[in-house]
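Asks: Below is a structure I'd like to ask you about.
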Amino acid sequence: MIEKTLVIIKPDGVKRSLTGEIITRFEKAGLKIIGMKMISLTKEFAKKHYPEDIIPRIGGKTLADWKEMGIKTEKDEKTIGRDAWNDLINYVTEGPVVAFVLEGVHAVEVVRKITGSTSPHKAQPGTVRGDYSHISMGYATYRGFGGRNLIHTSGSKEEAEQEIKLWFKKDELFKYKGVHDEHLV
Ligand code: UDP
Ligand code: MG
């Protein structure tokens, strides 16, 4: 049940000086930071993190938003998804990001809960996206820019495993006893 998960503070979070505030939220929940780095992504690396496979999913999210916003389109999920994906790659490479790995009980699910919904306009207050952003994915894609939602967090245990391998070498992750550990064992 003790899991590891990846968090990336995207360029908007770093530029808005929200790095500390965002890290604090996860630390206060008792999650342990076991690795951390600041890095400027190349387009090539960004595409490894966000492979083309996600195009239908992000197209679907945009379409759902557009439907609610009353925006009609002839374009299908894949076409819209490809535009959103291109915007996303530009967005995550527009400035440095801060990446870290968190460890804790049910860490993947807990971190997603603290993150909030993908589209900030749907993210609950008390979540990172809900408290510090407000736009919708539909709006961003309509205007032709990547949906700025401050952070990436792994969506599942499988995603977390793959992503941690991609972002961190083994010797960049640390084992140590935190004060919360006595309640975990
Ligand atoms: N995204 C976007 N438009 C969309 C859906 C997603 O720009 O309609 C971007 C957004 O930055 C999101 C990222 O693509 O965080 C990855 O999408 P995913 O579905 O994995 O959402 P997440 O796991 O980040 O909540
Ligand atoms: Mg995701």
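Chain labels A, B, ... are given in the sequence in which chains occur in the structure tokens; within each chain residues are numbered consecutively from 1, and ligands are likewise numbered from 1 in the order shown.
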Skipping near chain neighbours, those fewer than 5 positions away, what residues fall within 6 Å of stretch 56-68 of chain A using only C-alpha atoms, listed as a PyMOL selection string?
Replies: chain A and resi 77-78+80-81+137-138
Asks: Got time to write the residues from that selection, C-alpha atoms, as an mmCIF file, in the first residue's frame?
Replies:
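This is the output file selection_21.cif:
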data_model
loop_
_atom_site.group_PDB
_atom_site.id
_atom_site.type_symbol
_atom_site.label_atom_id
_atom_site.label_comp_id
_atom_site.auth_asym_id
_atom_site.auth_seq_id
_atom_site.Cartn_x
_atom_site.Cartn_y
_atom_site.Cartn_z
ATOM 1 C CA GLU A 77 -11.815 13.866 -30.780
ATOM 2 C CA LYS A 78 -8.527 12.948 -32.468
ATOM 3 C CA ILE A 80 -9.026 18.335 -31.415
ATOM 4 C CA GLY A 81 -6.822 16.140 -29.237
ATOM 5 C CA MET A 137 -9.449 23.083 -20.733
ATOM 6 C CA GLY A 138 -12.182 23.951 -23.241
#
Asks: Within 8 Å of A:Thr141, counting only C-alpha atoms, which residues qualify if same-chain residues fewer than 3 places away don't, as JSON, numbers by chain?
Replies: {"A": [62, 83, 84, 87, 137, 138, 144, 145, 146, 147]}
Asks: Using only C-alpha atoms and all ligand atoms, find the one residue out of A:Lys157, A:His134, A:Lys122, A:Lys15 that sits nearest to ligand 2.
Replies: A:Lys157
Asks: From the options A:Leu6, A:Leu18, A:Ile114, A:Ile23, which residue's atoms come nearest to ligand 2, counting only C-alpha atoms and all ligand atoms?
Replies: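 The shortest atom-to-atom distance to ligand 2 comes from A:Leu6.
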Asks: Can I get the residues of chain A within 9 Å of ligand 2, each with the closest pair of atoms and their distance in Å to one decimal, using only C-alpha atoms and all ligand atoms, sorted chain first then ascending number, as a Markdown table?
Replies:
| residue | atom | partner | partner_atom_place_in_ligand_line | distance |
| --- | --- | --- | --- | --- |
| A:Tyr50 | CA | ligand 2 | 1 (Mg) | 8.4 |
| A:Ile54 | CA | ligand 2 | 1 (Mg) | 8.4 |
| A:Thr118 | CA | ligand 2 | 1 (Mg) | 8.0 |
| A:His152 | CA | ligand 2 | 1 (Mg) | 6.7 |
| A:Thr153 | CA | ligand 2 | 1 (Mg) | 6.6 |
| A:Ser154 | CA | ligand 2 | 1 (Mg) | 6.0 |
| A:Gly155 | CA | ligand 2 | 1 (Mg) | 5.0 |
| A:Ser156 | CA | ligand 2 | 1 (Mg) | 8.5 |
| A:Glu159 | CA | ligand 2 | 1 (Mg) | 8.4 |
Asks: Write the residues you've just listed into a file as an mmCIF file, in the first residue's frame, and include C-alpha atoms for each of them.
Replies:
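Done, and the output landed in again-v3.cif:
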data_model
loop_
_atom_site.group_PDB
_atom_site.id
_atom_site.type_symbol
_atom_site.label_atom_id
_atom_site.label_comp_id
_atom_site.auth_asym_id
_atom_site.auth_seq_id
_atom_site.Cartn_x
_atom_site.Cartn_y
_atom_site.Cartn_z
ATOM 1 C CA TYR A 50 3.108 12.893 -22.758
ATOM 2 C CA ILE A 54 -3.013 10.507 -24.796
ATOM 3 C CA THR A 118 -7.772 18.352 -14.796
ATOM 4 C CA HIS A 152 1.110 17.125 -13.329
ATOM 5 C CA THR A 153 0.537 14.168 -11.016
ATOM 6 C CA SER A 154 0.608 10.498 -12.025
ATOM 7 C CA GLY A 155 -2.859 9.224 -12.903
ATOM 8 C CA SER A 156 -2.438 5.591 -11.814
ATOM 9 C CA GLU A 159 1.667 5.610 -14.838
#
Asks: Excluding same-chain residues fewer than 3 positions from stretch 101-107 of chain A, what lies within 6 Å of it counting only C-alpha atoms, as a list in words?
Replies: Met1, Ile2, Glu3, Lys4, Thr5, Leu6, Leu31, Lys32, Ile33, Ile34, Gly35, Val110 and Val111 of chain A
Asks: Quick one: write out the picked residues with all heavy atoms as a short mmCIF file (atom, residue, chain, number, x, y, z; two decimals), in the first residue's frame?
Replies:
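The result, stored in part27.cif:
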data_model
loop_
_atom_site.label_atom_id
_atom_site.label_comp_id
_atom_site.auth_asym_id
_atom_site.auth_seq_id
_atom_site.Cartn_x
_atom_site.Cartn_y
_atom_site.Cartn_z
N MET A 1 0.81 -1.22 0.00
CA MET A 1 0.00 0.00 0.00
C MET A 1 0.84 1.27 0.00
O MET A 1 0.35 2.34 -0.29
CB MET A 1 -0.95 0.01 1.20
CG MET A 1 -2.15 -0.90 1.00
SD MET A 1 -3.18 -0.92 2.45
CE MET A 1 -2.45 -2.25 3.37
N ILE A 2 2.13 1.14 0.37
CA ILE A 2 2.99 2.33 0.32
C ILE A 2 3.44 2.51 -1.12
O ILE A 2 4.07 1.63 -1.70
CB ILE A 2 4.18 2.22 1.30
CG1 ILE A 2 3.61 2.13 2.72
CG2 ILE A 2 5.12 3.43 1.16
CD1 ILE A 2 4.61 2.16 3.83
N GLU A 3 3.05 3.64 -1.68
CA GLU A 3 3.30 3.89 -3.10
C GLU A 3 4.18 5.11 -3.31
O GLU A 3 4.29 5.97 -2.44
CB GLU A 3 1.95 4.14 -3.80
CG GLU A 3 0.98 2.97 -3.74
CD GLU A 3 -0.44 3.35 -4.15
OE1 GLU A 3 -0.70 4.52 -4.47
OE2 GLU A 3 -1.30 2.44 -4.12
N LYS A 4 4.73 5.16 -4.54
CA LYS A 4 5.49 6.34 -4.97
C LYS A 4 4.73 6.97 -6.13
O LYS A 4 4.12 6.25 -6.93
CB LYS A 4 6.88 5.93 -5.45
CG LYS A 4 7.79 5.36 -4.39
CD LYS A 4 9.13 4.98 -5.04
CE LYS A 4 10.13 4.44 -4.07
NZ LYS A 4 9.71 3.29 -3.26
N THR A 5 4.78 8.28 -6.23
CA THR A 5 4.11 8.95 -7.34
C THR A 5 4.90 10.19 -7.75
O THR A 5 5.68 10.72 -6.95
CB THR A 5 2.65 9.28 -6.97
OG1 THR A 5 1.95 9.68 -8.15
CG2 THR A 5 2.54 10.38 -5.92
N LEU A 6 4.69 10.62 -8.99
CA LEU A 6 5.46 11.76 -9.52
C LEU A 6 4.60 13.03 -9.55
O LEU A 6 3.45 12.98 -9.97
CB LEU A 6 5.93 11.45 -10.95
CG LEU A 6 6.70 12.57 -11.64
CD1 LEU A 6 8.13 12.68 -11.10
CD2 LEU A 6 6.76 12.34 -13.15
N LEU A 31 3.09 13.28 3.20
CA LEU A 31 3.77 12.55 2.13
C LEU A 31 5.27 12.91 2.17
O LEU A 31 5.63 14.04 2.47
CB LEU A 31 3.16 12.92 0.78
CG LEU A 31 1.71 12.43 0.63
CD1 LEU A 31 0.92 13.32 -0.31
CD2 LEU A 31 1.69 10.98 0.14
N LYS A 32 6.09 11.93 1.87
CA LYS A 32 7.54 12.11 1.99
C LYS A 32 8.17 12.39 0.64
O LYS A 32 7.94 11.65 -0.32
CB LYS A 32 8.13 10.83 2.58
CG LYS A 32 9.56 10.98 3.07
CD LYS A 32 10.23 9.63 3.20
CE LYS A 32 9.79 8.90 4.45
NZ LYS A 32 10.51 7.61 4.58
N ILE A 33 8.97 13.46 0.55
CA ILE A 33 9.69 13.76 -0.69
C ILE A 33 10.92 12.85 -0.72
O ILE A 33 11.73 12.88 0.21
CB ILE A 33 10.16 15.23 -0.74
CG1 ILE A 33 8.94 16.17 -0.70
CG2 ILE A 33 11.00 15.49 -1.99
CD1 ILE A 33 9.31 17.64 -0.50
N ILE A 34 11.04 12.05 -1.78
CA ILE A 34 12.20 11.15 -1.84
C ILE A 34 13.13 11.45 -3.02
O ILE A 34 14.11 10.75 -3.24
CB ILE A 34 11.77 9.65 -1.83
CG1 ILE A 34 10.87 9.33 -3.02
CG2 ILE A 34 11.10 9.28 -0.52
CD1 ILE A 34 10.79 7.85 -3.31
N GLY A 35 12.82 12.53 -3.77
CA GLY A 35 13.68 12.96 -4.86
C GLY A 35 13.12 14.24 -5.44
O GLY A 35 11.90 14.41 -5.43
N VAL A 110 -4.07 9.73 -3.19
CA VAL A 110 -4.08 10.90 -2.29
C VAL A 110 -3.55 12.14 -3.03
O VAL A 110 -4.11 13.23 -2.93
CB VAL A 110 -3.24 10.60 -1.02
CG1 VAL A 110 -3.05 11.86 -0.18
CG2 VAL A 110 -3.91 9.51 -0.18
N VAL A 111 -2.48 11.93 -3.80
CA VAL A 111 -1.90 13.07 -4.53
C VAL A 111 -2.86 13.58 -5.59
O VAL A 111 -3.00 14.79 -5.79
CB VAL A 111 -0.51 12.68 -5.11
CG1 VAL A 111 -0.03 13.69 -6.15
CG2 VAL A 111 0.51 12.56 -3.98
#
Asks: Using only C-alpha atoms and all ligand atoms, which of the listed residues (A:Gly30, A:Gly178, A:Gly126, A:Pro120) sits closest to ligand 1?
Replies: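 Using only C-alpha atoms and all ligand atoms, the shortest distance to ligand 1 belongs to A:Pro120.
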Asks: Quick one, how far is atom CA of A:Ile22 from atom CA of A:Asp131?
Replies: 10.5 Å
Asks: Going by DSSP on the backbone, which residues of stretch 70-167 of chain A come out as alpha helix (DSSP H)? List them as a ChimeraX atom specification.
Replies: /A:77-92,107-115,128-132,137-143,157-167
Asks: Write out, as a compact mmCIF listing (two decimals), in the first residue's frame, the residues just selected, with C-alpha atoms.
Replies:
# COMPACT_ATOMS: atom_id res chain seq x y z
CA GLU A 77 -11.82 13.87 -30.78
CA LYS A 78 -8.53 12.95 -32.47
CA THR A 79 -8.18 16.20 -34.43
CA ILE A 80 -9.03 18.33 -31.42
CA GLY A 81 -6.82 16.14 -29.24
CA ARG A 82 -3.85 16.61 -31.57
CA ASP A 83 -4.18 20.41 -31.41
CA ALA A 84 -4.50 20.26 -27.60
CA TRP A 85 -1.50 17.92 -27.43
CA ASN A 86 0.67 20.28 -29.53
CA ASP A 87 -0.36 23.15 -27.26
CA LEU A 88 0.45 20.99 -24.23
CA ILE A 89 3.97 20.19 -25.49
CA ASN A 90 4.60 23.93 -26.07
CA TYR A 91 3.22 24.74 -22.62
CA VAL A 92 5.37 22.30 -20.65
CA ALA A 107 0.16 8.05 -2.47
CA VAL A 108 -1.13 7.94 -6.07
CA GLU A 109 -4.77 8.42 -5.11
CA VAL A 110 -4.08 10.90 -2.29
CA VAL A 111 -1.90 13.07 -4.53
CA ARG A 112 -4.59 13.10 -7.23
CA LYS A 113 -7.13 14.18 -4.61
CA ILE A 114 -4.92 17.08 -3.49
CA THR A 115 -4.31 17.98 -7.17
CA VAL A 128 -4.05 22.90 -5.85
CA ARG A 129 -5.79 23.44 -9.19
CA GLY A 130 -9.02 24.65 -7.57
CA ASP A 131 -7.31 27.19 -5.32
CA TYR A 132 -4.72 28.63 -7.67
CA MET A 137 -9.45 23.08 -20.73
CA GLY A 138 -12.18 23.95 -23.24
CA TYR A 139 -11.29 27.64 -23.07
CA ALA A 140 -7.56 27.00 -23.41
CA THR A 141 -7.90 24.70 -26.40
CA TYR A 142 -10.41 27.09 -28.01
CA ARG A 143 -7.92 29.95 -27.65
CA LYS A 157 0.06 3.24 -10.17
CA GLU A 158 1.22 2.04 -13.60
CA GLU A 159 1.67 5.61 -14.84
CA ALA A 160 3.57 6.48 -11.65
CA GLU A 161 6.00 3.59 -12.12
CA GLN A 162 6.72 4.43 -15.76
CA GLU A 163 7.04 8.15 -15.09
CA ILE A 164 9.37 7.81 -12.09
CA LYS A 165 11.64 5.60 -14.22
CA LEU A 166 11.63 8.21 -16.99
CA TRP A 167 12.35 11.18 -14.72
Asks: Grab the atom CA of A:Ile39 to atom CA of A:Ile151 distance for me, in Å with one decimal place.
Replies: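 It comes out at 14.3 Å.
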Asks: So how many Å separate atom CA of A:Val97 and atom CA of A:Leu41, to one decimal?
Replies: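 Taking atom CA of A:Val97 as the start and atom CA of A:Leu41 as the end point, the length is 7.6 Å.
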Asks: Have a look at A:Met69, A:Leu173, A:Met36, A:Ala123 and name the one nearest to A:Asn149; count only C-alpha atoms.
Replies: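 Of A:Met69, A:Leu173, A:Met36, A:Ala123, the one nearest A:Asn149, counting only C-alpha atoms, is A:Ala123.
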